[in-house]
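In what follows, a structure is listed as structure tokens, so that the remarks can point back to it.
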Amino acid sequence: MPNFLILGAAKAGTTSIYRYLKQHPQIYMSPAKEPKFFAFEGENLDFRGLGDEKEANYIVTNIDDYRALYKKVTNQIAIGEASTIYLYIAKSVERIKYYIPKAKLIAILRDPAERAYSNYLHLIKQEREPLDFAEALAQEEERIKNNWWSFWHYKHRGLYYIQLKRYYEAFEKNQIKVYLYEDLKNNPLGMLKDMFGFLEIDDTFTPDISEKVRQAAPIPKNKALESFLSQPHPLKSILSPLLPTSFREKLVNKIRYLNRGKPKLSPAVRKQLIEFYREDILQLQDLIDRDLSQWLKS
């Protein structure tokens with residue numbers, strides 16, 4: 001069984017951290033980054049969102065299958081995995097407490113409004129999310145009610161105070177370590193050194209952080225324009241004979257390039273999210289003793 005867990009949050013750099021930790025000779029990381037066992041032990045999974053039928057394939061619900069993930073552990077000191085669902089699903093706290101009560105627990109938190117939008121863009125890139133962000137937020141309660149996979153819970157997965165408080169109530173404070181996404185961005189080696197110290201392993205080891213986690217391809221900023229470029233259209237039939245093929249291809253590629261990238265979170269929606277999170281952020285500041293005022297800026 002593991003003796004430490006990365007609890008989340010989703011879209012807060014946990015995949016990069018998982019890869020960096022795997023490099024340390026005194027660490028063994030589960031070959032499956034997110035087995036999600038403690039969140040779904042013994043459950044029959046039936047998620048109802050768009051494309052959710054595949055999610056259950058990656059979840060370990062049986063204790064013997066979970067233990068098998070660690071069968072290749074040899075002399076490593078720190079044994080872990082990184083299931084970001086553990087921060088969100090309340091059941092995880094009780095199951096972790098039952099199986100590994102002395103485990104060290106690590107959380108990495110990101111500005112919840114930006115985290116929610118990054119989560120949304122992830123599903124846009126997978127071509128699963130049909131709505132714009134504001135519409136998706138308005139549909140969230142209904143999606144939760146209808147048992148959509150938790151990755152669709154854009155807003156609710158950012159209520160960190162509520163989620164972390166459960167762990168502080170169940171475990172000793174010295175078992176829990178909380179970092180911010182900004183720590184990873186601004187000083188990744190310093191953060192990893194501190195994490196190694198928390199795990200009581202050699203903190204002089206320096207992992208190679210030059211290889212960043214590959215980002216998904218840029219997505220269209222304007223879906224209608226992308227559709228026009230990709231699909232047959234009467235106007236294109238009229239214009240095509242008037243333009244040389246090479247020029248036409250260059251023009252289309254140029255427009256497609258300019259139309260792709262990471263769309264920005266609209267100020268109006270960010271303001272709406274900040275109001276949703278405000279009380280949770282203020283309480284979280286006191287819980288983890290970190291200044292989170294940047295998260296409250298529109």
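By order in the structure tokens, chains are A, B, ...; within a chain, residues start at 1; ligands start at 1, following the order shown.
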Can you write out as CSV which residues of range 53-130 of chain A fall within 12 Å of range 147-158 of chain A, alongside each residue's closest atom pair and its distance in Å to one decimal, counting only C-alpha atoms and ordering rows by chain and ascending residue number?
residue,atom,partner,partner_atom,distance
A:Glu53,CA,A:Trp149,CA,9.2
A:Lys54,CA,A:Trp149,CA,10.4
A:Glu55,CA,A:Trp149,CA,7.8
A:Ala56,CA,A:Trp149,CA,9.5
A:Thr84,CA,A:Arg157,CA,10.0
A:Ile85,CA,A:Ser150,CA,8.0
A:Tyr86,CA,A:Arg157,CA,10.7
A:Leu87,CA,A:Arg157,CA,8.4
A:Tyr88,CA,A:Arg157,CA,6.0
A:Ile89,CA,A:Ser150,CA,8.8
A:Ala90,CA,A:Arg157,CA,11.6
A:Ile108,CA,A:Gly158,CA,11.6
A:Leu109,CA,A:Gly158,CA,8.6
A:Arg110,CA,A:Gly158,CA,8.3
A:Asp111,CA,A:Gly158,CA,8.1
A:Pro112,CA,A:Gly158,CA,4.7
A:Ala113,CA,A:Gly158,CA,7.5
A:Glu114,CA,A:Gly158,CA,9.5
A:Arg115,CA,A:Gly158,CA,7.2
A:Ala116,CA,A:Tyr154,CA,4.7
A:Tyr117,CA,A:Tyr154,CA,7.4
A:Ser118,CA,A:Tyr154,CA,9.0
A:Asn119,CA,A:Tyr154,CA,6.4
A:Tyr120,CA,A:Tyr154,CA,6.8
A:Leu121,CA,A:Tyr154,CA,10.4
A:His122,CA,A:Phe151,CA,9.4
A:Leu123,CA,A:Trp152,CA,8.2
A:Ile124,CA,A:Trp152,CA,11.1
A:Arg128,CA,A:Trp152,CA,10.1
A:Glu129,CA,A:Trp152,CA,8.9
A:Pro130,CA,A:Trp152,CA,11.9
Please provide the set of residues having any atom within 12 Å of Ile281 in chain A, restricted to only C-alpha atoms, with same-chain residues fewer than 6 positions apart removed, written as a PyMOL selection string.
-> chain A and resi 109-113+158-164+273-275+287-297
Where does DSSP see strand (DSSP E or B) in range 77-296 of chain A, if you list the residues as a ChimeraX atom specification?
-> /A:78-82,104-109,176-180,219-220,260-261
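Checking A:Gln26, A:Phe37, A:Ile96, A:Gly8 one by one against Thr74 in chain A, counting only C-alpha atoms, you find the shortest gap at A:Gln26.
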Near-His24 in chain A list (10 Å; only C-alpha atoms; drop same-chain fewer than 6 positions) as a compact mmCIF listing (two decimals) with N, CA, C and O atoms, in the first residue's frame:
# COMPACT_ATOMS: atom_id res chain seq x y z
N GLN A 76 12.30 1.25 -1.99
CA GLN A 76 11.91 2.66 -1.95
C GLN A 76 11.29 3.01 -0.59
O GLN A 76 10.64 2.17 0.04
N ALA A 78 9.42 6.14 -0.01
CA ALA A 78 8.14 6.81 -0.23
C ALA A 78 7.39 6.13 -1.37
O ALA A 78 7.92 6.01 -2.48
N PHE A 196 10.28 16.66 -0.90
CA PHE A 196 11.15 15.54 -0.53
C PHE A 196 11.40 15.54 0.98
O PHE A 196 11.42 14.48 1.62
N ILE A 201 12.81 11.91 2.62
CA ILE A 201 13.77 11.27 1.73
C ILE A 201 14.85 12.30 1.37
O ILE A 201 14.77 13.45 1.79
N ASP A 202 15.84 11.86 0.63
CA ASP A 202 16.96 12.73 0.26
C ASP A 202 16.48 13.97 -0.49
O ASP A 202 16.02 13.88 -1.62
N ASP A 203 16.63 15.12 0.15
CA ASP A 203 16.15 16.35 -0.50
C ASP A 203 17.24 17.06 -1.30
O ASP A 203 17.02 18.16 -1.80
N PHE A 205 18.44 15.52 -3.97
CA PHE A 205 18.23 15.01 -5.32
C PHE A 205 17.56 16.09 -6.18
O PHE A 205 16.60 16.73 -5.74
N THR A 206 18.06 16.28 -7.39
CA THR A 206 17.49 17.27 -8.31
C THR A 206 16.90 16.58 -9.53
O THR A 206 17.63 16.09 -10.38
N PRO A 207 15.58 16.55 -9.65
CA PRO A 207 14.97 15.91 -10.82
C PRO A 207 15.12 16.78 -12.05
O PRO A 207 15.32 17.99 -11.97
N ASP A 208 15.03 16.16 -13.21
CA ASP A 208 15.07 16.89 -14.48
C ASP A 208 13.67 17.44 -14.73
O ASP A 208 12.73 16.68 -14.95
Between A:Tyr28, A:Thr61, A:Lys193, A:Leu105, which one has atoms that come closest to Asn75 in chain A, using only C-alpha atoms?
-> A:Tyr28
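Each of A:Ile255, A:Leu189, A:Leu199, A:Leu282 was checked against Ile77 in chain A using only C-alpha atoms; the smallest atom-to-atom distance is that of A:Leu199.
Going from CA of Ser30 in chain A over to CA of Asp64 in chain A, you cover 14.1 Å.
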